[in-house]
file model15.csv (CSV, C-alpha atoms)
chain,number,residue,atom,x,y,z
A,460,MET,CA,158.4,52.0,-40.7
A,461,ARG,CA,155.5,50.4,-38.8
A,462,GLN,CA,153.7,47.3,-39.9
A,463,SER,CA,151.4,44.8,-38.2
A,464,LEU,CA,149.5,41.7,-39.0
A,465,HIS,CA,145.9,42.7,-39.6
A,466,ALA,CA,144.1,39.5,-40.3
A,467,VAL,CA,144.6,35.8,-41.4
A,468,THR,CA,142.1,34.2,-43.7
A,469,LEU,CA,140.4,31.1,-42.4
A,470,VAL,CA,138.3,29.3,-45.1
A,471,VAL,CA,135.1,28.0,-43.6
A,472,PRO,CA,132.0,26.2,-45.0
A,473,ASP,CA,129.5,28.8,-43.7
A,474,TYR,CA,129.8,32.3,-42.4
A,475,ASP,CA,127.1,32.1,-39.7
A,476,ASP,CA,128.3,28.7,-38.4
A,477,ALA,CA,131.8,30.0,-38.1
A,478,ILE,CA,130.7,33.3,-36.4
A,479,ALA,CA,128.6,31.3,-33.9
A,480,PHE,CA,131.5,29.0,-33.0
A,481,TYR,CA,134.1,31.7,-32.6
A,482,THR,CA,131.8,34.2,-30.8
A,483,ASN,CA,129.7,31.8,-28.6
A,484,ARG,CA,132.2,29.1,-27.7
A,485,LEU,CA,135.5,31.0,-27.8
A,486,LYS,CA,134.1,34.5,-26.8
A,487,PHE,CA,135.7,36.2,-29.8
A,488,THR,CA,134.3,39.6,-30.8
A,489,LEU,CA,132.6,40.0,-34.1
A,490,THR,CA,134.6,42.9,-35.3
A,491,GLN,CA,133.2,43.3,-38.8
A,492,ASP,CA,130.4,41.7,-40.9
A,493,ILE,CA,130.0,43.6,-44.2
A,494,ASP,CA,127.9,42.3,-47.1
A,495,LEU,CA,130.0,42.6,-50.2
A,496,GLY,CA,127.2,41.3,-52.5
A,497,GLY,CA,127.0,38.1,-54.5
A,498,GLY,CA,126.9,36.0,-51.3
A,499,LYS,CA,130.3,37.3,-50.1
A,500,ARG,CA,130.9,39.0,-46.8
A,501,TRP,CA,133.9,40.6,-45.0
A,502,VAL,CA,133.7,38.9,-41.6
A,503,ARG,CA,136.4,39.4,-39.0
A,504,VAL,CA,136.5,38.0,-35.5
A,505,THR,CA,139.0,39.0,-32.8
A,506,PRO,CA,140.0,37.1,-29.6
A,507,PRO,CA,139.0,38.8,-26.3
A,508,GLY,CA,141.4,41.4,-25.2
A,509,LEU,CA,143.2,41.7,-28.5
A,510,THR,CA,143.1,44.9,-30.6
A,511,GLY,CA,145.5,43.7,-33.4
A,512,ALA,CA,145.3,40.7,-35.6
A,513,SER,CA,142.0,39.0,-36.3
A,514,LEU,CA,140.6,36.0,-38.3
A,515,LEU,CA,139.0,36.8,-41.6
A,516,LEU,CA,136.3,34.2,-42.0
A,517,ALA,CA,136.0,33.4,-45.7
A,518,LYS,CA,133.2,31.1,-47.0
A,519,ALA,CA,134.6,28.5,-49.4
A,520,ASP,CA,133.8,29.3,-53.0
A,521,GLY,CA,133.8,26.1,-55.1
A,522,PRO,CA,135.2,22.6,-54.8
A,523,GLU,CA,138.9,23.5,-54.5
A,524,GLN,CA,138.3,25.8,-51.6
A,525,MET,CA,135.9,23.3,-50.0
A,526,THR,CA,138.7,20.7,-49.9
A,527,ALA,CA,141.0,23.3,-48.2
A,528,ILE,CA,138.7,23.6,-45.2
A,529,GLY,CA,140.5,22.2,-42.1
A,530,ASN,CA,143.7,21.5,-44.1
A,531,GLN,CA,144.9,25.0,-44.8
A,532,THR,CA,148.2,24.2,-43.1
A,533,GLY,CA,148.7,20.7,-44.4
A,534,GLY,CA,147.6,19.0,-41.1
A,535,ARG,CA,150.0,21.0,-38.9
A,536,VAL,CA,148.9,23.3,-36.1
A,537,GLY,CA,148.4,26.6,-37.9
A,538,PHE,CA,146.8,28.8,-35.4
A,539,PHE,CA,148.0,29.8,-31.9
A,540,LEU,CA,145.6,31.2,-29.3
A,541,GLU,CA,147.7,32.9,-26.6
A,542,THR,CA,146.2,33.2,-23.1
A,543,ASP,CA,147.2,34.8,-19.9
A,544,ASP,CA,145.7,31.9,-17.9
A,545,PHE,CA,146.0,28.5,-19.6
A,546,TYR,CA,144.1,26.5,-17.0
A,547,ARG,CA,141.1,29.0,-16.8
A,548,ASP,CA,140.7,29.0,-20.6
A,549,HIS,CA,141.4,25.3,-21.0
A,550,ALA,CA,138.6,24.5,-18.5
A,551,ALA,CA,136.2,27.0,-20.2
A,552,MET,CA,136.9,25.5,-23.6
A,553,LEU,CA,136.3,21.9,-22.3
A,554,GLU,CA,133.1,23.1,-20.7
A,555,SER,CA,131.9,24.6,-24.0
A,556,GLY,CA,132.5,21.3,-25.8
A,557,ILE,CA,135.8,22.0,-27.5
A,558,GLY,CA,137.9,18.8,-27.8
A,559,PHE,CA,141.6,18.7,-27.1
A,560,GLU,CA,143.9,16.2,-28.9
A,561,GLU,CA,146.1,16.0,-25.9
A,562,ARG,CA,146.5,16.8,-22.2
A,563,PRO,CA,148.2,20.1,-21.4
A,564,ARG,CA,152.0,19.8,-21.5
A,565,HIS,CA,154.8,21.9,-20.3
A,566,GLU,CA,157.4,23.0,-22.8
A,567,PRO,CA,160.4,25.3,-22.4
A,568,TYR,CA,158.3,28.2,-23.8
A,569,GLY,CA,155.2,27.6,-21.8
A,570,ILE,CA,152.0,25.5,-21.3
A,571,VAL,CA,150.3,24.2,-24.4
A,572,ALA,CA,147.7,21.8,-25.7
A,573,VAL,CA,146.4,21.2,-29.2
A,574,TRP,CA,142.7,21.5,-30.0
A,575,CYS,CA,140.6,21.5,-33.1
A,576,ASP,CA,137.8,23.8,-34.3
A,577,PRO,CA,134.7,22.3,-35.8
A,578,PHE,CA,136.1,22.9,-39.3
A,579,GLY,CA,139.2,20.7,-38.8
A,580,ASN,CA,141.8,23.4,-38.1
A,581,ARG,CA,144.4,22.6,-35.5
A,582,TRP,CA,145.2,25.2,-32.9
A,583,ASP,CA,147.5,25.5,-29.9
A,584,LEU,CA,146.1,27.0,-26.7
A,585,ILE,CA,149.3,28.5,-25.2
A,586,GLU,CA,150.4,30.4,-22.2
A,587,PHE,CA,154.0,31.6,-22.7
A,588,THR,CA,156.4,31.6,-19.7
A,589,ALA,CA,157.9,34.8,-18.5
A,590,ALA,CA,161.3,33.5,-19.6
A,591,SER,CA,160.1,32.8,-23.1
A,592,ASP,CA,160.8,35.3,-25.8
A,593,ALA,CA,158.0,33.8,-28.0
A,594,SER,CA,155.4,36.4,-27.0
call {"tool": "encode", "arguments": {"input": "model15.csv", "output": "structure tokens"}}
result
Amino acid sequence: MRQSLHAVTLVVPDYDDAIAFYTNRLKFTLTQDIDLGGGKRWVRVTPPGLTGASLLLAKADGPEQMTAIGNQTGGRVGFFLETDDFYRDHAAMLESGIGFEERPRHEPYGIVAVWCDPFGNRWDLIEFTAASDAS
């Protein structure tokens, strides 16, 4: 049997604002943008160098979904952006205006720092160490 994680839904207030953030500031690739009618779209963005899992950007529909924006994981870090060069990507993210909640820290599994997207979702930027089995 073969299975893989295809996409994770991220509820956002606006498709185009989310696309702009992820493609312009994080250099993700816009993998799909399909009009489904009725104001809905199938929008996927993928981190550079990745051919597997992507984010499915879903525009909030109604008050209940609007309140979930930025709190889809109950305030915890819910997304993990793995890099092969932490300090290169950390510097590029800072230069593009992305704010980090902390300074980079060394953990037994690698180098990590928490940052937040403009919609309130908390992320880890992480470079796993060679000795780590996390990747």
call {"tool": "closest_residue", "arguments": {"input": "model15.csv", "among": "A:Leu584, A:Leu485, A:Ala589, A:Leu469", "to": "Met525 (chain A)", "atoms": "only C-alpha atoms"}}
result
A:Leu469
call {"tool": "closest_residue", "arguments": {"input": "model15.csv", "among": "A:Trp574, A:Tyr474, A:Trp582, A:Phe559", "to": "Arg500 (chain A)", "atoms": "all atoms listed in the file"}}
result
A:Tyr474
call {"tool": "closest_residue", "arguments": {"input": "model15.csv", "among": "A:Thr505, A:Asn580, A:Gln462, A:Thr468", "to": "Asn530 (chain A)", "atoms": "all atoms listed in the file"}}
result
A:Asn580
call {"tool": "atom_distance", "arguments": {"input": "model15.csv", "atom1": "CA of Leu495 (chain A)", "atom2": "CA of Tyr481 (chain A)"}}
result
21.1 Å
call {"tool": "atom_distance", "arguments": {"input": "model15.csv", "atom1": "CA of Gly569 (chain A)", "atom2": "CA of His549 (chain A)"}}
result
14.0 Å
call {"tool": "closest_residue", "arguments": {"input": "model15.csv", "among": "A:Arg503, A:Lys486, A:Arg547, A:Arg562", "to": "Ala517 (chain A)", "atoms": "all atoms listed in the file"}}
result
A:Arg503
